[in-house]
Each structure stands twice: as C-alpha cells, then as structure tokens.
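Notes to accompany the following structure.
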Amino acid sequence: MSAPRIRLGQSDLHVFPLNLGGNVFGWTADEATSFAVLDAYAAAGGNFIDTADSYSAWVEGHTGGESERLIGAWMKARNNRAQMVIATKVARHPDFKGLAPKNVQAACDASLQRLQTDRIDLYYAHFDDLEVPIADIAGAFSRLVDAGKVRHIAPSNFTAERLDGWFAATRASGLHAPVALQPHYSLVERGFETNGLRAVAERHQLGVLPYFSLAKGFLAGKYRPGKTVDSARAGGASQYLNERGLRVLAALDRIAAAHRVPVAAVALAWLRVQPTVAAPIASARTVDQLRELLPSVTVALTADALATLTKASE
C-alpha cells in the first residue's frame with residue numbers, strides 16, 4: 001500500500017496518515033503479536049507510532065513503560081529507527097507523575113532508555129498539570145529540544161485557555177513551540193469542534209492527532225445490540241450503544257459496503273479529512289485488526305458520504 005506522507009503541523013516530520021497506537025503493546029498484545037502488528041504496519045508504509053511512558057501501568061503486575069520497551073526492542077531487531085517517527089508522553093507514569101520541570105527531564109531520559117534511542121520525534125505533555133505554571137511547562141519541553149533529546153513537542157488533554165498560555169510563553173521567551181495536538185475526537189465524540197481546541201489548532205497551525213478515533217472500538221462495528229464482545233475495552237465501547245450510536249453505525253455500514261472497505265476504515269477516513277486533522281490514532285491488537293484500519297489512508301469518501309456521516313453523528 002502506498003500513501004502520501006502528511007507534514008505534521010509546521011514541523012519537519014512527514015508521517016503516514018494513520019498513527020498506530022501503541023497502548024495495546026505489552027497489554028492485550030504480547031511481544032510476538034506486537035512485533036507482527038508493527039511489521040505489518042511498516043510493510044504497508046506506516047512510519048508513525050504513538051505510545052506513552054505510562055502504557056500499561058494500569059494492568060496488575062505492570063509498572064509502566066511496557067509499550068515503550070516493546071517498540072524499542074522491535075526497532076532494534078529490525079534496525080529501522082531512522083525510518084520511524086516515534087511519539088511518546090510524560091505525566092502519568094507511576095514514577096514520573098505530573099509536569100514539574102525536573103520530572104519532565106527525568107521521564108524523558110527514562111523513555112529514551114526504554115525506546116533504545118537517542119531522541120524522541122514527538123514528545124507530549126500527556127495531561128495538564130495545573131500545579132505547574134504554564135511557562136514552566138513550556139520551558140521544560142523547550143529545553144529538551146535544545147538538548148537534542150526531543151525533536152518536536154505537543155500537548156494532549158489541555159484546555160484551549162492553557163494552550164493559548166503555552167504559546168504566549170513561547171513567544172515571550174523565544175521557546176520552541178508545540179507543532180501538534182492530541183485531543184479526544186471521533187464521529188461520536190465531537191466536542192473538539194466546539195470547545196475551543198480546533199480554534200487553537202487553526203490559530204497555531206497544529207497538526208491534530210485524535211485519540212480514541214474509533215471510540216474504544218465501537219466505530220469498528222463490532223458492538224451491536226445483543227452481541228457480546230470479548231475485549232478489555234468492551235465496557236467503554238458499549239456506552240455508545242444508544243440511538244445516536246446506532247444511527248452512526250447504520251450510516252457506516254451503508255458507506256462501507258458502497259466503498260467495499262471495513263467499517264473502521266470509513267470512520268477513520270471521515271476523521272482524517274476533518275479540518276486540522278493530520279492523522280487519526282488507532283491501535284490494533286492483531287494483524288487482522290490492522291488490516292481493517294489500513295484502507296482508511298487511501299479510501300476517498302464522496303462528499304455525500306462525508307455529509308451523511310456528519311449528519312448521523314450530530
């Protein structure tokens with residue numbers, strides 16, 4: 001599969017239009033399966049992997065960093081670090097909570113070690129830390145760029161007001177500015193369009209990389225009334241089994257059949273062409289699941305199809 005690379009915001013990063021989520025690696029996908037998914041993604045032309053230092057600290061017996069370790073081991077085994085764009089995050093690892101400058105520095109060093117690399121291509125502030133002045137956060141991330149440990153920086157789970165404050169701090173002190181934004185956004189979660197975040201992304205020319213792009217699997221079409229799905233995310237996905245969610249699924253079914261692609265690919269294709277969006281983030285715990293996502297980067301939905309989905313999800 002061939003797909004054009006997308007320039008991420010104002011950065012020099014050019015990425016595949018599907019950002020592969022790494023939250024499943026070391027959680028619902030073991031090492032062998034994770035390597036198989038990563039191999040298949042790279043073989044399809046994929047180069048953009050998203051993870052976090054806290055993945056998968058929520059699992060009993062895990063300490064956080066499991067996903068980073070697997071990705072680092074895979075890149076070393078395949079000798080392909082130069083071809084990959086790696087994004088990871090700080091704020092939620094049990095040993096590195098929050099965004100105090102010293103913590104950001106220490107967490108970055110720990111992530112570099114787990115990833116077996118000397119630089120992180122895109123480093124996120126995973127969640128805002130209201131106890132830390134925004135100017136201090138901006139300064140801490142900018143210093144990582146100056147040190148060569150991070151190429152570009154980005155926030156996730158910040159309010160529009162705090163993001164504007166981050167950019168004000170970069171202008172005031174001549175700091176490196178964020179180039180991307182990772183918000184919660186999908187066909188069934190459209191608050192990004194109205195809560196000020198899209199306006200911030202437009203104002204500062206940020207490349208938007210939505211998480212939960214498939215609404216925890218709901219928009220892959222697996223969850224239907226009366227059907228039980230064996231998944232760690234079943235509880236979260238089932239919340240969308242309501243009148244609106246079923247209306248969206250019906251529209252997805254029709255359009256997927258017309259385009260002869262999986263339902264998940266249609267949901268991602270709709271998201272990919274929304275204003276400011278660079279590449280949706282989606283994870284796959286098996287190669288078969290990945291195959292349902294990959295057509296999203298090349299399928300061209302008609303204007304009528306896009307309008308139908310937009311209306312169904314309102």
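Labels for the structure tokens follow display order: chains A, B, ..., residues from 1 in each chain, ligands from 1.
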
What are the closest atom pairs, with distances in Å to one decimal, for all residues of region 105-203 of chain A lying within 12 Å of region 236-246 of chain A? Consider only C-alpha atoms, order rows by chain and residue number, and present the result as a tab-separated table.
```
residue	atom	partner	partner_atom	distance
A:Ser186	CA	A:Gly245	CA	11.7
A:Leu187	CA	A:Gly245	CA	9.2
A:Val188	CA	A:Gly245	CA	7.0
A:Glu189	CA	A:Tyr240	CA	9.8
```

Take the selection from the previous step and output its residues with N, CA, C and O atoms, as a short mmCIF file (atom, residue, chain, number, x, y, z; two decimals), in the first residue's frame.
```
data_model
loop_
_atom_site.label_atom_id
_atom_site.label_comp_id
_atom_site.auth_asym_id
_atom_site.auth_seq_id
_atom_site.Cartn_x
_atom_site.Cartn_y
_atom_site.Cartn_z
N SER A 186 -13.77 11.89 17.63
CA SER A 186 -14.23 10.81 16.75
C SER A 186 -15.62 11.17 16.26
O SER A 186 -16.19 12.20 16.64
N LEU A 187 -16.19 10.31 15.45
CA LEU A 187 -17.56 10.51 14.97
C LEU A 187 -18.57 10.62 16.10
O LEU A 187 -19.60 11.29 15.96
N VAL A 188 -18.30 9.97 17.23
CA VAL A 188 -19.26 10.03 18.34
C VAL A 188 -18.74 10.87 19.50
O VAL A 188 -19.38 10.92 20.55
N GLU A 189 -17.62 11.53 19.33
CA GLU A 189 -17.07 12.45 20.33
C GLU A 189 -16.59 13.69 19.58
O GLU A 189 -15.44 13.78 19.16
#
```

Shell of 7 Å around Ala138 (chain A), only C-alpha atoms, local chain residues under 4 positions omitted, as a ChimeraX atom specification: /A:134,142,166,169-170

Keeping N, CA and C atoms for every residue in the selection just given, could you write it to a file as a CSV table (one decimal), in the first residue's frame?
```
chain,number,residue,atom,x,y,z
A,134,ILE,N,2.2,27.4,33.4
A,134,ILE,CA,2.3,27.0,32.0
A,134,ILE,C,3.7,27.4,31.4
A,142,SER,N,10.8,22.9,26.0
A,142,SER,CA,11.7,23.6,25.0
A,142,SER,C,13.2,23.2,25.3
A,166,TRP,N,0.4,28.5,26.8
A,166,TRP,CA,1.7,27.9,26.4
A,166,TRP,C,2.3,28.6,25.2
A,169,ALA,N,3.7,31.9,26.3
A,169,ALA,CA,5.0,31.7,27.0
A,169,ALA,C,6.1,31.5,25.9
A,170,THR,N,5.8,30.8,24.9
A,170,THR,CA,6.9,30.6,23.9
A,170,THR,C,7.2,31.9,23.2
```

Go through A:Leu249, A:Val261, A:Ala180, A:Ala256 and flag the residue nearest Pro225 (chain A), using only C-alpha atoms for the distances. A:Leu249

Write down as an MDAnalysis selection string the residues belonging to region 1-125 of chain A that are assigned helix (DSSP H, G or I) by DSSP computed on the backbone. chainID A and resid 31:43 66:78 81:83 101:115

So that each row is one residue of region 39-121 of chain A with an atom at most 7 Å from region 21-29 of chain A, can you give its shortest atom pair and the distance in Å to one decimal, using only C-alpha atoms, rows by chain and rising number, as a tab-separated table?
```
residue	atom	partner	partner_atom	distance
A:Ile49	CA	A:Gly21	CA	6.2
A:Asp50	CA	A:Gly21	CA	4.9
A:Thr51	CA	A:Gly22	CA	4.7
A:Tyr55	CA	A:Asn23	CA	5.7
A:Ser56	CA	A:Trp27	CA	6.2
A:Glu66	CA	A:Gly26	CA	5.4
A:Ser67	CA	A:Phe25	CA	4.9
A:Leu70	CA	A:Phe25	CA	6.8
```

Which is closest to Lys149 (chain A) among A:Ala284, A:Val15, A:Ala107, A:Leu306, if we use only C-alpha atoms?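 Of all the options, A:Ala107 lies closest to Lys149 (chain A).
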
Taking the backbone alone, and naming residues the way the document does, which bits of region 35-150 of chain A are strand (DSSP E) by DSSP, as a list in words?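 The strand (DSSP E) residues within region 35-150 of chain A come out as Phe48, Ile49, Asp50, Val85, Ile86, Ala87, Thr88, Lys89, Val90, Arg92, His93, Phe96, Lys97, Ile120, Asp121, Leu122, Tyr123, Tyr124, Ala125 and Val150 of chain A.
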
Contact residues around Thr286 (chain A) with only C-alpha atoms at 10 Å, ignoring same-chain residues under 6 positions, as a PDB file with all heavy atoms, in the first residue's frame:
```
ATOM      1  N   VAL A  24      -1.734  -0.963  23.190  1.00  0.00           N
ATOM      2  CA  VAL A  24      -2.004  -2.403  23.338  1.00  0.00           C
ATOM      3  C   VAL A  24      -0.733  -3.232  23.492  1.00  0.00           C
ATOM      4  O   VAL A  24      -0.792  -4.373  23.965  1.00  0.00           O
ATOM      5  CB  VAL A  24      -2.806  -2.935  22.134  1.00  0.00           C
ATOM      6  CG1 VAL A  24      -4.178  -2.286  22.081  1.00  0.00           C
ATOM      7  CG2 VAL A  24      -2.055  -2.719  20.828  1.00  0.00           C
ATOM      8  N   THR A  28      -2.733  -6.063  25.748  1.00  0.00           N
ATOM      9  CA  THR A  28      -3.554  -7.094  25.112  1.00  0.00           C
ATOM     10  C   THR A  28      -2.823  -7.774  23.955  1.00  0.00           C
ATOM     11  O   THR A  28      -3.341  -8.732  23.381  1.00  0.00           O
ATOM     12  CB  THR A  28      -4.874  -6.497  24.612  1.00  0.00           C
ATOM     13  OG1 THR A  28      -4.600  -5.370  23.762  1.00  0.00           O
ATOM     14  CG2 THR A  28      -5.733  -6.038  25.788  1.00  0.00           C
ATOM     15  N   ALA A  29      -1.663  -7.277  23.601  1.00  0.00           N
ATOM     16  CA  ALA A  29      -0.824  -7.908  22.577  1.00  0.00           C
ATOM     17  C   ALA A  29       0.527  -8.232  23.190  1.00  0.00           C
ATOM     18  O   ALA A  29       1.219  -7.345  23.688  1.00  0.00           O
ATOM     19  CB  ALA A  29      -0.645  -6.973  21.372  1.00  0.00           C
ATOM     20  N   ASP A  30       0.907  -9.511  23.177  1.00  0.00           N
ATOM     21  CA  ASP A  30       2.206  -9.901  23.729  1.00  0.00           C
ATOM     22  C   ASP A  30       3.318  -9.518  22.751  1.00  0.00           C
ATOM     23  O   ASP A  30       3.064  -8.931  21.686  1.00  0.00           O
ATOM     24  CB  ASP A  30       2.231 -11.393  24.060  1.00  0.00           C
ATOM     25  CG  ASP A  30       2.006 -12.290  22.844  1.00  0.00           C
ATOM     26  OD1 ASP A  30       2.150 -11.823  21.690  1.00  0.00           O
ATOM     27  OD2 ASP A  30       1.696 -13.480  23.043  1.00  0.00           O
ATOM     28  N   THR A  33       3.009 -10.951  19.088  1.00  0.00           N
ATOM     29  CA  THR A  33       1.905 -10.333  18.366  1.00  0.00           C
ATOM     30  C   THR A  33       2.187  -8.862  18.085  1.00  0.00           C
ATOM     31  O   THR A  33       1.886  -8.358  16.992  1.00  0.00           O
ATOM     32  CB  THR A  33       0.599 -10.476  19.162  1.00  0.00           C
ATOM     33  OG1 THR A  33       0.371 -11.858  19.449  1.00  0.00           O
ATOM     34  CG2 THR A  33      -0.575  -9.928  18.383  1.00  0.00           C
ATOM     35  N   SER A  34       2.767  -8.174  19.059  1.00  0.00           N
ATOM     36  CA  SER A  34       3.119  -6.763  18.859  1.00  0.00           C
ATOM     37  C   SER A  34       4.093  -6.603  17.705  1.00  0.00           C
ATOM     38  O   SER A  34       3.927  -5.716  16.843  1.00  0.00           O
ATOM     39  CB  SER A  34       3.725  -6.183  20.139  1.00  0.00           C
ATOM     40  OG  SER A  34       2.815  -6.225  21.213  1.00  0.00           O
ATOM     41  N   PHE A  35       5.108  -7.465  17.664  1.00  0.00           N
ATOM     42  CA  PHE A  35       6.076  -7.407  16.566  1.00  0.00           C
ATOM     43  C   PHE A  35       5.382  -7.665  15.224  1.00  0.00           C
ATOM     44  O   PHE A  35       5.696  -7.015  14.223  1.00  0.00           O
ATOM     45  CB  PHE A  35       7.190  -8.427  16.789  1.00  0.00           C
ATOM     46  CG  PHE A  35       8.307  -7.955  17.683  1.00  0.00           C
ATOM     47  CD1 PHE A  35       8.056  -7.116  18.755  1.00  0.00           C
ATOM     48  CD2 PHE A  35       9.617  -8.343  17.439  1.00  0.00           C
ATOM     49  CE1 PHE A  35       9.089  -6.677  19.576  1.00  0.00           C
ATOM     50  CE2 PHE A  35      10.661  -7.906  18.250  1.00  0.00           C
ATOM     51  CZ  PHE A  35      10.390  -7.072  19.328  1.00  0.00           C
ATOM     52  N   ALA A  36       4.447  -8.593  15.195  1.00  0.00           N
ATOM     53  CA  ALA A  36       3.744  -8.906  13.952  1.00  0.00           C
ATOM     54  C   ALA A  36       2.912  -7.721  13.475  1.00  0.00           C
ATOM     55  O   ALA A  36       2.885  -7.400  12.277  1.00  0.00           O
ATOM     56  CB  ALA A  36       2.847 -10.133  14.141  1.00  0.00           C
ATOM     57  N   VAL A  37       2.241  -7.057  14.396  1.00  0.00           N
ATOM     58  CA  VAL A  37       1.454  -5.872  14.039  1.00  0.00           C
ATOM     59  C   VAL A  37       2.365  -4.754  13.542  1.00  0.00           C
ATOM     60  O   VAL A  37       2.087  -4.115  12.511  1.00  0.00           O
ATOM     61  CB  VAL A  37       0.615  -5.399  15.245  1.00  0.00           C
ATOM     62  CG1 VAL A  37      -0.010  -4.024  14.969  1.00  0.00           C
ATOM     63  CG2 VAL A  37      -0.472  -6.412  15.588  1.00  0.00           C
ATOM     64  N   LEU A  38       3.461  -4.522  14.246  1.00  0.00           N
ATOM     65  CA  LEU A  38       4.404  -3.485  13.835  1.00  0.00           C
ATOM     66  C   LEU A  38       5.026  -3.803  12.482  1.00  0.00           C
ATOM     67  O   LEU A  38       5.191  -2.905  11.638  1.00  0.00           O
ATOM     68  CB  LEU A  38       5.480  -3.321  14.908  1.00  0.00           C
ATOM     69  CG  LEU A  38       5.012  -2.639  16.200  1.00  0.00           C
ATOM     70  CD1 LEU A  38       5.980  -2.929  17.345  1.00  0.00           C
ATOM     71  CD2 LEU A  38       4.871  -1.132  15.994  1.00  0.00           C
ATOM     72  N   ALA A  40       3.652  -5.546  10.061  1.00  0.00           N
ATOM     73  CA  ALA A  40       2.620  -5.366   9.038  1.00  0.00           C
ATOM     74  C   ALA A  40       2.369  -3.885   8.770  1.00  0.00           C
ATOM     75  O   ALA A  40       2.155  -3.478   7.613  1.00  0.00           O
ATOM     76  CB  ALA A  40       1.327  -6.059   9.469  1.00  0.00           C
TER      77      ALA A  40
END
```

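Between CA of Ile137 (chain A) and CA of Gly9 (chain A) the separation is 20.4 Å.
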
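CA of Val90 (chain A) is positioned 20.6 Å from CA of Gly61 (chain A).
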
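Taking CA of Glu68 (chain A) and CA of Leu115 (chain A) as the two end points, the separation is 5.4 Å.
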
Among the residues A:Arg198, A:His152, A:Lys227, A:Arg254, the one that comes closest to Gln274 (chain A) [using only C-alpha atoms]: A:Arg198

Residues near Leu214 (chain A), anyone? I mean within 10 Å using only C-alpha atoms, not counting same-chain ones fewer than 2 positions away, as a ChimeraX atom specification. /A:185-189,210-212,216-221,237,264-265,267-268,271,280-283,293

For the residues in that selection, give me N, CA, C and O atoms as a compact mmCIF listing (two decimals), in the first residue's frame.
```txt
# COMPACT_ATOMS: atom_id res chain seq x y z
N TYR A 185 -11.34 12.80 19.97
CA TYR A 185 -12.16 13.23 18.83
C TYR A 185 -12.50 12.02 17.98
O TYR A 185 -11.62 11.20 17.65
N SER A 186 -13.77 11.89 17.63
CA SER A 186 -14.23 10.81 16.75
C SER A 186 -15.62 11.17 16.26
O SER A 186 -16.19 12.20 16.64
N LEU A 187 -16.19 10.31 15.45
CA LEU A 187 -17.56 10.51 14.97
C LEU A 187 -18.57 10.62 16.10
O LEU A 187 -19.60 11.29 15.96
N VAL A 188 -18.30 9.97 17.23
CA VAL A 188 -19.26 10.03 18.34
C VAL A 188 -18.74 10.87 19.50
O VAL A 188 -19.38 10.92 20.55
N GLU A 189 -17.62 11.53 19.33
CA GLU A 189 -17.07 12.45 20.33
C GLU A 189 -16.59 13.69 19.58
O GLU A 189 -15.44 13.78 19.16
N PRO A 210 -6.01 12.80 16.64
CA PRO A 210 -7.05 12.40 17.58
C PRO A 210 -6.82 11.02 18.19
O PRO A 210 -6.43 10.08 17.51
N TYR A 211 -7.08 10.92 19.51
CA TYR A 211 -7.07 9.61 20.15
C TYR A 211 -8.50 9.12 20.36
O TYR A 211 -9.45 9.89 20.24
N PHE A 212 -8.63 7.82 20.66
CA PHE A 212 -9.94 7.16 20.70
C PHE A 212 -10.70 7.44 19.40
O PHE A 212 -11.91 7.70 19.41
N LYS A 216 -12.99 3.57 21.29
CA LYS A 216 -12.67 2.35 22.03
C LYS A 216 -13.15 1.09 21.32
O LYS A 216 -13.44 0.07 21.95
N GLY A 217 -13.22 1.16 20.01
CA GLY A 217 -13.61 0.01 19.22
C GLY A 217 -15.04 0.05 18.72
O GLY A 217 -15.41 -0.71 17.82
N PHE A 218 -15.86 0.94 19.27
CA PHE A 218 -17.27 1.00 18.86
C PHE A 218 -17.41 1.27 17.37
O PHE A 218 -18.24 0.65 16.68
N LEU A 219 -16.60 2.17 16.84
CA LEU A 219 -16.73 2.56 15.43
C LEU A 219 -16.09 1.55 14.48
O LEU A 219 -16.09 1.76 13.27
N ALA A 220 -15.57 0.45 15.02
CA ALA A 220 -15.13 -0.65 14.16
C ALA A 220 -16.31 -1.55 13.79
O ALA A 220 -16.17 -2.45 12.97
N GLY A 221 -17.46 -1.29 14.42
CA GLY A 221 -18.67 -2.03 14.07
C GLY A 221 -18.85 -3.34 14.80
O GLY A 221 -19.77 -4.11 14.49
N ALA A 237 -16.68 0.90 25.19
CA ALA A 237 -17.29 1.00 23.86
C ALA A 237 -18.81 0.90 23.93
O ALA A 237 -19.52 1.56 23.17
N ALA A 264 -14.44 0.26 10.14
CA ALA A 264 -13.42 1.04 10.85
C ALA A 264 -12.69 1.99 9.91
O ALA A 264 -12.38 3.13 10.28
N ALA A 265 -12.41 1.54 8.69
CA ALA A 265 -11.70 2.38 7.73
C ALA A 265 -12.52 3.60 7.36
O ALA A 265 -11.97 4.69 7.17
N ALA A 267 -14.82 5.11 9.31
CA ALA A 267 -14.81 6.02 10.46
C ALA A 267 -13.52 6.82 10.53
O ALA A 267 -13.53 8.03 10.81
N LEU A 268 -12.40 6.16 10.26
CA LEU A 268 -11.11 6.85 10.28
C LEU A 268 -10.96 7.79 9.09
O LEU A 268 -10.37 8.87 9.22
N LEU A 271 -12.67 11.03 9.80
CA LEU A 271 -11.91 11.83 10.75
C LEU A 271 -10.68 12.45 10.09
O LEU A 271 -10.34 13.61 10.34
N PRO A 280 -5.42 10.26 12.30
CA PRO A 280 -6.06 9.66 13.47
C PRO A 280 -5.15 8.61 14.10
O PRO A 280 -4.37 7.96 13.40
N ILE A 281 -5.28 8.44 15.40
CA ILE A 281 -4.57 7.38 16.11
C ILE A 281 -5.52 6.20 16.29
O ILE A 281 -6.66 6.37 16.74
N ALA A 282 -5.07 5.02 15.93
CA ALA A 282 -5.86 3.81 16.16
C ALA A 282 -4.91 2.66 16.46
O ALA A 282 -3.84 2.56 15.86
N SER A 283 -5.31 1.81 17.37
CA SER A 283 -4.47 0.67 17.75
C SER A 283 -5.07 -0.62 17.20
O SER A 283 -6.26 -0.71 16.90
N LEU A 293 -7.94 -1.29 9.41
CA LEU A 293 -7.63 0.14 9.56
C LEU A 293 -6.92 0.72 8.34
O LEU A 293 -7.14 1.89 7.97
```

For Arg114 (chain A), which residue out of A:Asp53, A:Leu99, A:His14, A:Met84 is the nearest one, using only C-alpha atoms?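 When distances to Arg114 (chain A) are compared using only C-alpha atoms, the smallest one comes from A:Asp53.
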
Hey, which of A:Leu181, A:Ala135, A:Val277, A:Ala32 ends up closest to Gly165 (chain A)? Count only C-alpha atoms.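 Of A:Leu181, A:Ala135, A:Val277, A:Ala32, the one nearest Gly165 (chain A) is A:Ala135, counting only C-alpha atoms.
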
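Closest approach to Arg151 (chain A) among A:Leu13, A:Leu290, A:Ala57, A:Ala73 is made by A:Leu13 (distances from only C-alpha atoms).
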
Mind checking which residues fall within 12 Å of Ala257 (chain A), counting only C-alpha atoms, ignoring those fewer than 6 positions away in the same chain, and posting them as a PyMOL selection string? chain A and resi 250-251+263-266+301+305
